[in-house]
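Structure file my_file-v1.tsv (TSV, C-alpha atoms and all ligand atoms) is printed below.
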chain	number	residue	atom	x	y	z
X	755	MET	CA	42.03	214.06	234.44
X	756	LEU	CA	43.84	215.63	237.42
X	757	ILE	CA	47.34	217.06	237.10
X	758	PHE	CA	49.59	218.14	239.96
X	759	GLY	CA	51.78	221.05	238.79
X	760	ILE	CA	55.07	222.28	240.26
X	761	GLU	CA	56.76	225.61	239.40
X	762	SER	CA	60.10	226.89	240.73
X	763	SER	CA	61.84	228.65	237.83
X	764	CYS	CA	62.45	232.00	239.56
X	765	ASP	CA	61.31	233.37	242.92
X	766	GLU	CA	57.96	231.65	243.45
X	767	THR	CA	57.58	228.12	244.78
X	768	ALA	CA	54.19	226.93	243.58
X	769	CYS	CA	52.08	223.75	243.46
X	770	ALA	CA	48.56	223.24	242.14
X	771	VAL	CA	45.93	220.69	241.20
X	772	VAL	CA	44.07	221.37	237.92
X	773	GLU	CA	41.35	219.31	236.29
X	774	ASP	CA	41.38	218.76	232.52
X	775	GLY	CA	43.68	221.72	231.90
X	776	ARG	CA	40.90	224.17	232.71
X	777	ARG	CA	39.59	224.00	236.28
X	778	VAL	CA	41.77	225.00	239.21
X	779	ILE	CA	41.12	222.73	242.21
X	780	SER	CA	43.87	224.27	244.35
X	781	SER	CA	46.78	226.63	243.80
X	782	ALA	CA	49.43	227.40	246.42
X	783	VAL	CA	52.19	229.96	245.87
X	784	SER	CA	54.99	230.87	248.25
X	785	SER	CA	56.77	234.04	247.15
X	786	GLN	CA	60.40	234.84	247.96
X	787	ILE	CA	60.04	238.52	247.08
X	788	LYS	CA	60.76	239.85	250.57
X	789	ASP	CA	63.98	237.76	250.75
X	790	HIS	CA	65.35	239.20	247.50
X	791	ARG	CA	64.15	242.78	248.01
X	792	LEU	CA	67.16	243.58	250.20
X	793	TYR	CA	69.43	242.92	247.16
X	794	GLY	CA	67.27	244.74	244.60
X	795	GLY	CA	66.72	241.59	242.53
X	796	VAL	CA	66.64	237.79	242.65
X	797	VAL	CA	69.81	236.20	244.05
X	798	PRO	CA	69.96	232.78	242.32
X	799	GLU	CA	71.72	230.92	245.16
X	800	ILE	CA	69.21	232.18	247.71
X	801	ALA	CA	66.31	231.35	245.39
X	802	SER	CA	67.46	227.72	245.02
X	803	ARG	CA	67.81	227.25	248.77
X	804	LEU	CA	64.42	228.81	249.52
X	805	HIS	CA	62.75	226.52	246.96
X	806	VAL	CA	64.32	223.49	248.69
X	807	GLU	CA	62.99	224.75	252.03
X	808	ALA	CA	59.48	225.57	250.79
X	809	VAL	CA	58.56	222.95	248.21
X	810	CYS	CA	57.34	220.19	250.57
X	811	SER	CA	55.02	222.47	252.55
X	812	VAL	CA	53.70	224.18	249.40
X	813	ALA	CA	52.93	220.74	247.91
X	814	GLU	CA	51.21	219.68	251.14
X	815	LYS	CA	49.11	222.83	251.06
X	816	ALA	CA	48.05	222.28	247.43
X	817	PHE	CA	47.07	218.68	248.20
X	818	SER	CA	45.23	219.51	251.42
X	819	ASP	CA	43.37	222.48	249.84
X	820	ALA	CA	42.26	220.09	247.10
X	821	GLY	CA	41.31	217.42	249.66
X	822	MET	CA	43.53	214.98	247.80
X	823	SER	CA	46.78	213.07	247.98
X	824	VAL	CA	49.26	212.25	245.24
X	825	ASN	CA	47.40	208.97	244.68
X	826	ASP	CA	44.39	210.91	243.40
X	827	VAL	CA	46.19	212.70	240.55
X	828	ASP	CA	46.97	211.28	237.11
X	829	ALA	CA	50.37	212.88	236.58
X	830	VAL	CA	52.96	215.28	237.96
X	831	ALA	CA	53.85	218.21	235.67
X	832	VAL	CA	56.93	220.32	236.37
X	833	THR	CA	58.71	223.32	234.85
X	834	TYR	CA	62.05	222.09	233.45
X	835	ALA	CA	63.06	225.28	231.51
X	836	PRO	CA	63.78	228.16	231.09
X	837	GLY	CA	64.75	229.84	234.35
X	838	LEU	CA	67.38	229.95	237.08
X	839	ILE	CA	69.08	226.58	236.90
X	840	GLY	CA	69.37	225.90	240.64
X	841	ALA	CA	65.78	227.02	241.18
X	842	LEU	CA	64.51	224.73	238.41
X	843	LEU	CA	66.51	221.79	239.77
X	844	ALA	CA	64.92	222.18	243.19
X	845	GLY	CA	61.40	221.79	241.78
X	846	LEU	CA	62.39	219.15	239.25
X	847	GLY	CA	64.13	216.99	241.84
X	848	PHE	CA	61.08	217.14	244.08
X	849	ALA	CA	58.75	216.34	241.15
X	850	LYS	CA	60.82	213.29	240.23
X	851	GLY	CA	60.70	211.94	243.77
X	852	LEU	CA	56.94	212.50	243.98
X	853	ALA	CA	56.20	210.92	240.59
X	854	TYR	CA	58.56	207.99	241.22
X	855	SER	CA	57.23	207.20	244.69
X	856	ALA	CA	53.58	207.34	243.55
X	857	ASP	CA	54.29	205.65	240.19
X	858	LYS	CA	52.78	208.55	238.22
X	859	PRO	CA	53.93	209.89	234.84
X	860	LEU	CA	56.23	212.92	235.01
X	861	VAL	CA	55.43	215.60	232.41
X	862	PRO	CA	58.03	218.25	231.46
X	863	VAL	CA	56.58	221.75	230.94
X	864	HIS	CA	58.26	224.73	229.27
X	865	HIS	CA	57.64	227.78	231.47
X	866	LEU	CA	56.42	230.03	228.64
X	867	LYS	CA	53.98	227.37	227.44
X	868	GLY	CA	52.74	227.41	231.03
X	869	HIS	CA	52.14	231.17	230.84
X	870	ILE	CA	50.09	230.61	227.67
X	871	ALA	CA	48.09	227.81	229.34
X	872	ALA	CA	47.13	230.27	232.15
X	873	LEU	CA	44.68	231.67	229.59
X	874	TYR	CA	42.71	228.40	229.57
X	875	LEU	CA	41.95	228.67	233.30
X	876	ASN	CA	39.36	231.45	232.93
X	877	ASN	CA	38.52	231.46	229.20
X	878	PRO	CA	36.57	228.23	228.57
X	879	GLU	CA	35.85	229.27	224.98
X	880	LEU	CA	39.53	229.88	224.12
X	881	ARG	CA	41.00	227.23	221.81
X	882	PRO	CA	43.98	227.37	219.48
X	883	PRO	CA	44.74	228.79	217.03
X	884	PHE	CA	45.42	232.26	218.46
X	885	VAL	CA	48.36	234.61	218.90
X	886	ALA	CA	49.75	235.23	222.37
X	887	LEU	CA	52.04	237.91	223.70
X	888	VAL	CA	54.05	236.32	226.51
X	889	ALA	CA	55.56	239.20	228.49
X	890	SER	CA	57.50	238.17	231.58
X	891	GLY	CA	60.65	239.13	233.46
X	892	GLY	CA	62.89	237.14	231.14
X	893	HIS	CA	61.01	236.97	227.83
X	894	SER	CA	58.78	238.96	225.50
X	895	HIS	CA	57.56	236.69	222.73
X	896	VAL	CA	54.85	237.00	220.11
X	897	VAL	CA	53.73	233.39	219.70
X	898	HIS	CA	51.49	231.75	217.13
X	899	VAL	CA	49.69	229.09	219.21
X	900	LYS	CA	48.81	226.70	216.40
X	901	ASP	CA	47.55	223.94	218.66
X	902	TYR	CA	47.71	223.12	222.39
X	903	CYS	CA	51.22	221.74	221.97
X	904	GLU	CA	52.33	223.43	218.75
X	905	PHE	CA	53.90	226.86	218.91
X	906	GLU	CA	55.84	229.17	216.60
X	907	VAL	CA	57.64	232.21	217.97
X	908	LEU	CA	57.05	234.98	215.41
X	909	GLY	CA	58.72	237.83	217.29
X	910	ARG	CA	60.76	238.44	220.41
X	911	ALA	CA	62.53	241.12	222.42
X	912	VAL	CA	65.94	241.42	220.81
X	913	ASP	CA	67.57	242.78	223.98
X	914	ASP	CA	65.94	243.25	227.41
X	915	ALA	CA	62.58	241.61	228.08
X	916	ALA	CA	59.67	243.93	228.89
X	917	GLY	CA	59.51	242.95	232.57
X	918	GLU	CA	63.28	243.32	232.89
X	919	ALA	CA	63.05	246.88	231.50
X	920	PHE	CA	60.28	247.71	234.00
X	921	ASP	CA	62.43	246.29	236.82
X	922	LYS	CA	65.53	248.26	235.75
X	923	VAL	CA	63.59	251.51	235.37
X	924	ALA	CA	62.12	250.90	238.82
X	925	ARG	CA	65.56	250.49	240.31
X	926	THR	CA	66.74	253.72	238.62
X	927	LEU	CA	63.75	255.53	240.12
X	928	GLY	CA	64.61	254.15	243.55
X	929	LEU	CA	61.62	251.78	243.70
X	930	PRO	CA	61.83	248.36	245.38
X	931	TYR	CA	62.01	244.98	243.60
X	932	PRO	CA	60.01	243.70	241.75
X	933	GLY	CA	59.64	246.98	239.97
X	934	GLY	CA	56.95	246.44	237.36
X	935	VAL	CA	54.05	246.89	239.70
X	936	GLU	CA	55.79	249.85	241.42
X	937	VAL	CA	56.40	251.67	238.11
X	938	ALA	CA	52.75	251.10	237.16
X	939	ARG	CA	51.61	252.49	240.52
X	940	LEU	CA	53.88	255.56	240.31
X	941	ALA	CA	52.74	256.19	236.72
X	942	LEU	CA	49.13	256.59	237.86
X	943	THR	CA	49.75	260.18	239.01
X	944	GLY	CA	52.15	261.17	236.21
X	945	ASP	CA	51.83	262.88	232.82
X	946	GLU	CA	52.69	260.26	230.20
X	947	ASN	CA	53.51	262.93	227.61
X	948	LYS	CA	55.94	264.95	229.73
X	949	TYR	CA	59.17	263.14	228.80
X	950	LYS	CA	59.92	262.51	225.14
X	951	LEU	CA	61.35	259.02	225.02
X	952	PRO	CA	62.57	257.22	221.89
X	953	GLU	CA	60.24	254.91	220.05
X	954	PRO	CA	62.27	251.73	219.68
X	955	HIS	CA	62.75	250.26	216.20
X	956	THR	CA	63.62	246.70	215.31
X	957	GLY	CA	64.21	244.76	212.11
X	958	GLY	CA	61.79	241.85	212.54
X	959	ARG	CA	58.08	242.38	211.88
X	960	TYR	CA	57.04	241.35	215.39
X	961	ASP	CA	60.33	241.85	217.24
X	962	MET	CA	60.63	244.28	220.15
X	963	SER	CA	63.40	246.24	221.83
X	964	PHE	CA	63.36	247.77	225.30
X	965	SER	CA	67.02	248.45	225.99
X	966	GLY	CA	67.22	251.87	224.28
X	967	LEU	CA	64.08	252.99	226.07
X	968	LYS	CA	65.46	251.87	229.42
X	969	THR	CA	68.80	253.64	228.74
X	970	ALA	CA	66.95	256.87	227.83
X	971	VAL	CA	65.21	256.78	231.22
X	972	ILE	CA	68.50	256.13	233.04
X	973	ASN	CA	70.12	259.07	231.18
X	974	ILE	CA	67.30	261.45	232.16
X	975	VAL	CA	67.66	260.43	235.81
X	976	ASN	CA	71.46	260.79	235.75
X	977	GLN	CA	71.37	264.17	233.99
X	978	ALA	CA	68.80	265.54	236.41
X	979	GLY	CA	71.06	264.36	239.26
X	980	MET	CA	74.17	266.04	237.77
X	981	LYS	CA	72.38	269.31	237.07
X	982	GLY	CA	70.66	269.28	240.44
X	983	GLU	CA	67.26	269.46	238.71
X	984	GLU	CA	64.17	268.01	240.28
X	985	LEU	CA	62.90	264.88	238.60
X	986	ASP	CA	59.20	264.27	238.02
X	987	GLY	CA	59.25	260.55	238.90
X	988	PRO	CA	55.56	259.82	238.27
X	989	SER	CA	55.70	261.46	234.81
X	990	LEU	CA	58.92	259.65	233.89
X	991	ALA	CA	57.35	256.33	234.97
X	992	ALA	CA	54.21	257.15	232.97
X	993	SER	CA	56.19	258.20	229.87
X	994	PHE	CA	58.24	254.98	230.02
X	995	GLN	CA	55.16	252.84	230.55
X	996	LYS	CA	53.39	254.48	227.60
X	997	ARG	CA	56.25	253.58	225.24
X	998	ALA	CA	56.81	250.04	226.60
X	999	VAL	CA	53.13	249.16	226.63
X	1000	GLY	CA	52.68	250.72	223.17
X	1001	MET	CA	55.34	248.47	221.71
X	1002	LEU	CA	53.88	245.32	223.29
X	1003	ALA	CA	50.24	246.04	222.46
X	1004	HIS	CA	50.94	247.08	218.85
X	1005	ARG	CA	53.03	243.98	218.11
X	1006	LEU	CA	50.26	241.75	219.44
X	1007	ALA	CA	47.44	243.62	217.67
X	1008	ASP	CA	49.38	243.73	214.35
X	1009	CYS	CA	50.06	240.00	214.49
X	1010	SER	CA	46.46	239.17	215.38
X	1011	ARG	CA	45.17	241.32	212.50
X	1012	GLU	CA	47.63	239.96	209.94
X	1013	LEU	CA	47.09	236.31	210.90
X	1014	LYS	CA	43.34	236.90	211.32
X	1015	LEU	CA	43.41	235.17	214.70
X	1016	PRO	CA	42.24	236.12	218.21
X	1017	ALA	CA	44.85	237.78	220.44
X	1018	ALA	CA	45.85	236.94	224.02
X	1019	LEU	CA	48.09	238.47	226.67
X	1020	CYS	CA	49.95	236.50	229.34
X	1021	GLY	CA	53.02	236.51	231.61
X	1022	GLY	CA	53.80	238.67	234.63
X	1023	VAL	CA	53.58	241.95	232.67
X	1024	ALA	CA	50.05	241.03	231.48
X	1025	VAL	CA	48.70	242.19	234.84
X	1026	ASN	CA	49.58	245.77	233.80
X	1027	ALA	CA	46.35	247.76	233.46
X	1028	SER	CA	47.58	250.12	230.71
X	1029	LEU	CA	48.74	247.15	228.64
X	1030	ARG	CA	45.36	245.47	229.06
X	1031	ASP	CA	43.56	248.72	228.17
X	1032	LEU	CA	45.62	249.53	225.09
X	1033	ALA	CA	45.56	245.96	223.75
X	1034	GLY	CA	41.79	245.97	224.31
X	1035	GLN	CA	41.35	249.26	222.41
X	1036	LEU	CA	43.54	248.19	219.47
X	1037	CYS	CA	41.85	244.80	219.15
X	1038	GLN	CA	38.38	246.30	219.40
X	1039	LYS	CA	39.20	248.87	216.71
X	1040	GLN	CA	40.41	246.22	214.29
X	1041	GLY	CA	37.70	243.71	215.20
X	1042	THR	CA	39.83	240.94	216.72
X	1043	GLU	CA	39.00	239.23	220.00
X	1044	LEU	CA	41.32	239.68	223.00
X	1045	PHE	CA	41.69	237.09	225.77
X	1046	LEU	CA	43.19	237.93	229.17
X	1047	PRO	CA	44.24	235.70	232.06
X	1048	LEU	CA	43.06	236.35	235.62
X	1049	PRO	CA	45.53	238.66	237.42
X	1050	GLU	CA	46.48	235.88	239.89
X	1051	TYR	CA	47.58	233.63	237.02
X	1052	CYS	CA	49.69	236.28	235.19
X	1053	GLY	CA	52.70	235.97	237.49
X	1054	ASP	CA	54.40	232.65	238.15
X	1055	ASN	CA	52.10	229.94	239.52
X	1056	ALA	CA	51.70	226.19	239.22
X	1057	ALA	CA	48.08	226.11	237.99
X	1058	MET	CA	49.36	227.23	234.58
X	1059	ILE	CA	52.01	224.47	234.66
X	1060	ALA	CA	49.38	221.84	235.50
X	1061	ALA	CA	47.14	223.19	232.69
X	1062	ALA	CA	49.96	223.00	230.13
X	1063	GLY	CA	50.94	219.60	231.57
X	1064	TYR	CA	47.47	218.24	230.86
X	1065	TYR	CA	47.74	219.02	227.15
X	1066	GLU	CA	51.36	217.81	227.00
X	1067	LEU	CA	50.39	214.53	228.71
X	1068	LYS	CA	47.54	213.98	226.22
X	1069	ASN	CA	50.06	214.70	223.46
X	1070	GLY	CA	52.33	211.93	224.76
X	1071	ALA	CA	54.99	213.98	226.55
X	1072	ARG	CA	56.79	212.10	229.36
X	1073	ALA	CA	59.94	213.08	231.20
X	1074	PRO	CA	62.38	210.27	232.01
X	1075	LEU	CA	63.69	210.12	235.58
X	1076	SER	CA	66.96	211.38	234.11
X	1077	GLN	CA	65.21	214.62	232.98
X	1078	ASN	CA	67.50	217.63	233.33
X	1079	ALA	CA	66.69	221.32	233.78
X	1080	PHE	CA	67.80	224.02	231.31
X	1081	ALA	CA	68.37	227.72	231.92
X	1082	ALA	CA	67.44	228.44	228.31
X	1083	ALA	CA	65.29	226.45	225.89
X	1084	GLU	CA	63.31	227.29	222.78
X	1085	MET	CA	59.55	226.82	223.02
Q	1	LIG	O1	56.04	235.92	234.50
Q	1	LIG	P1	56.68	236.51	235.70
Q	1	LIG	O2	55.94	236.46	237.01
Q	1	LIG	O3	58.08	235.86	235.96
Q	1	LIG	C1	58.93	235.48	234.90
Q	1	LIG	O4	58.66	234.42	234.29
Q	1	LIG	O5	59.85	236.28	234.65
Q	1	LIG	O6	57.00	238.01	235.33
Q	1	LIG	C2	57.61	238.87	236.24
Q	1	LIG	C3	57.77	240.23	235.61
Q	1	LIG	C4	58.68	241.14	236.43
Q	1	LIG	O7	59.64	241.71	235.58
Q	1	LIG	C5	57.70	242.16	236.97
Q	1	LIG	O8	58.29	243.41	237.22
Q	1	LIG	C6	56.68	242.25	235.86
Q	1	LIG	O9	56.49	240.90	235.49
Q	1	LIG	N1	55.43	242.86	236.32
Q	1	LIG	C7	54.90	243.98	235.79
Q	1	LIG	C8	53.74	244.29	236.56
Q	1	LIG	N2	53.62	243.33	237.52
Q	1	LIG	C9	54.65	242.46	237.36
Q	1	LIG	N3	55.28	244.75	234.76
Q	1	LIG	C10	54.54	245.83	234.46
Q	1	LIG	N4	53.44	246.21	235.15
Q	1	LIG	C11	53.00	245.46	236.20
Q	1	LIG	N5	51.90	245.84	236.86
Q	2	ZN	ZN	57.06	233.45	234.39

Go through the file and emit its structure as structure tokens.
Ligand code: KG4
Ligand code: ZN
Amino acid sequence: MLIFGIESSCDETACAVVEDGRRVISSAVSSQIKDHRLYGGVVPEIASRLHVEAVCSVAEKAFSDAGMSVNDVDAVAVTYAPGLIGALLAGLGFAKGLAYSADKPLVPVHHLKGHIAALYLNNPELRPPFVALVASGGHSHVVHVKDYCEFEVLGRAVDDAAGEAFDKVARTLGLPYPGGVEVARLALTGDENKYKLPEPHTGGRYDMSFSGLKTAVINIVNQAGMKGEELDGPSLAASFQKRAVGMLAHRLADCSRELKLPAALCGGVAVNASLRDLAGQLCQKQGTELFLPLPEYCGDNAAMIAAAGYYELKNGARAPLSQNAFAAAEM
């Protein structure tokens, strides 16, 4: 079964063709990063307009790379939530028109379920149940994936999401948007034990908190500025990354051990090499398997939406042509 996926929840316009939820036939992504960099973050109004401009040509590219037209696919899957509302509406409106004109079913996909489905694209042996850490710019969830379309969120970031904390620390250190990858790069040459940063505590067993950690970094930068002291940027980035990655990897490993299920990482932050390393070490030590997505399917893309859409379609999910988009929605 062939699914055409469309993703536009933040600053990537993406379309893809995926077979049976597992095999990527084509995947086209147009990033708006350079347009938002000037402002230090995503400007929602600009994002919506750029999606409207890009979506037709990105769809054409995905179809032509696949050597197909809309008549060859079985359904159109689209991200309907969560994300920037105008950005979501741009992709959803296009998806409705495409599905309606070709008389194909329209399948609504939750963005975070899409991130989880990215794992199926390169791990043919991965099947639910497993536990997934979804770490993106807007969410950090520990999810019990009970079946392809059955999820239970067991823990979440109670304040800032992990990616958001990376982005804010990057901005404080004077690094460009999006900051996660820049912080990780700067950290490579730093001493991760130089700055003593707080170890965040939360009430829930698998909950996470990144706001206090982020504030501690901001305070160190501000105090160094006021005292005229030189700041060791690489070591501050490394010390922050050590704490943030530690929290993420331990929550995932603990959950995997306690539920006696394989572990998996996904979402934009899952490209982070220290997170992959630490999660790998913890899982190996406790004897649980760890699944990772390919780096190109960690950040936002439409192959993951088409993969999730395949399982949702088989499960009977259909979006009416009156389908709305939602900035926030539970999984
Ligand atoms: O999943 P994603 O592409 O978009 C959302 O759904 O939010 O995640 C984007 C987030 C951003 O906050 C970005 O800074 C972060 O992923 N990120 C990273 C790295 N690369 C991207 N965080 C840490 N280390 C990285 N190497
Ligand atoms: Zn995402």

Task: Atom-to-atom span, atom CA of X:Gln1040 and atom CA of X:Glu1012, Å - done: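 For atom CA of X:Gln1040 relative to atom CA of X:Glu1012, the distance reads 10.5 Å.
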
Open item on the list: So that I can check the surroundings of X:Ser780, please list as a ChimeraX atom specification every protein, DNA and RNA residue that reaches within 6 Å of it, counting all atoms listed in the file and ignoring chain neighbours fewer than 3 positions away.
Closed with: /X:770-771,816,819-820

Open item on the list: Using all atoms listed in the file, list the residues that have an atom at most 8 Å from (67.6, 210.6, 240.1), coordinates as in the file, as a PyMOL selection string.
Closed with: chain X and resi 847+850-851+1075-1076

Compile a residue-level contact table for chain X against ligand LIG 1 (chain Q) at a cut-off of 7 Å, reporting for every qualifying residue the shortest atom pair and its distance in Å to one decimal, with all atoms listed in the file counted, rows ordered by chain and ascending number, as a tab-separated table.
residue	atom	partner	partner_atom	distance
X:Cys764	CA	Q:LIG1	C1	6.8
X:Ala889	CA	Q:LIG1	O1	6.9
X:Ser890	CA	Q:LIG1	O6	3.8
X:Gly891	CA	Q:LIG1	O5	3.2
X:Gly892	CA	Q:LIG1	O5	4.7
X:His893	CA	Q:LIG1	O5	7.0
X:Gly917	CA	Q:LIG1	O7	3.3
X:Glu918	CA	Q:LIG1	O7	4.8
X:Phe920	CA	Q:LIG1	O8	5.7
X:Asp921	CA	Q:LIG1	O8	5.1
X:Pro932	CA	Q:LIG1	O8	4.9
X:Gly933	CA	Q:LIG1	O8	4.7
X:Gly934	CA	Q:LIG1	O8	3.3
X:Val935	CA	Q:LIG1	N5	3.7
X:Val937	CA	Q:LIG1	N4	6.9
X:Ala938	CA	Q:LIG1	N4	5.3
X:Gly1021	CA	Q:LIG1	O1	4.2
X:Gly1022	CA	Q:LIG1	O6	3.3
X:Val1023	CA	Q:LIG1	N3	3.9
X:Val1025	CA	Q:LIG1	N5	5.3
X:Asn1026	CA	Q:LIG1	N5	3.8
X:Ala1027	CA	Q:LIG1	N5	6.8
X:Cys1052	CA	Q:LIG1	O1	6.4
X:Gly1053	CA	Q:LIG1	O2	3.3
X:Asp1054	CA	Q:LIG1	O2	4.3

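Taking all atoms listed in the file, the non-local environment of stretch 807-814 of chain X within 8 Å (same-chain residues fewer than 2 positions away omitted) comprises Thr767, Ala768, Cys769, Ala770, Ala782, Val783, Ser784, Arg803, Leu804, His805, Ala816, Phe817, Ser818, Gly845 and Phe848 of chain X.
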
- [ ] State, in Å with one decimal place, the distance from atom CA of X:Leu1036 to atom CA of X:Ser1010.
- [x] 10.3 Å

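Shortest separation to ligand ZN 2 (chain Q) among X:Leu967, X:Leu866, X:Leu860, X:Ala1061 occurs at residue X:Leu866, atoms counted being only C-alpha atoms and all ligand atoms.
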
Task: One-decimal distance in Å that lies between atom CA of X:Val896 and atom CA of X:Gln786 - done: 28.5 Å

Task: Residue neighbourhood stretch 982-995 of chain X, 9 Å, all atoms listed in the file, exclusion window fewer than 4 positions, as number ranges by chain - done: X: 920, 923-924, 927, 937-951, 967-968, 971, 974-975, 977-978, 999-1000, 1028-1029

Open item on the list: The residues within 9 Å of (66.1, 251.5, 222.7), using all atoms listed in the file and the coordinates of the file, should be reported as a ChimeraX atom specification; which are they?
Closed with: /X:913,952-955,963-970

Open item on the list: I need the residue nearest ligand ZN 2 (chain Q) from this list: X:Phe884, X:Phe1045, X:Tyr1051, X:Tyr874. Use all atoms listed in the file for the distance.
Closed with: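 Between X:Phe884, X:Phe1045, X:Tyr1051, X:Tyr874, the residue approaching ligand ZN 2 (chain Q) most closely is X:Tyr1051.
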
Task: Distance criterion (only C-alpha atoms): nearest to X:Glu1066 out of X:Glu799, X:Glu1043, X:Asp774, X:Glu906 - done: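 Checking each candidate against X:Glu1066, we get X:Asp774 as the closest.
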
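Nearest to X:His898 of all the residues X:Lys1014, X:Arg1072, X:Arg777, X:His864 is X:Lys1014, counting all atoms listed in the file.
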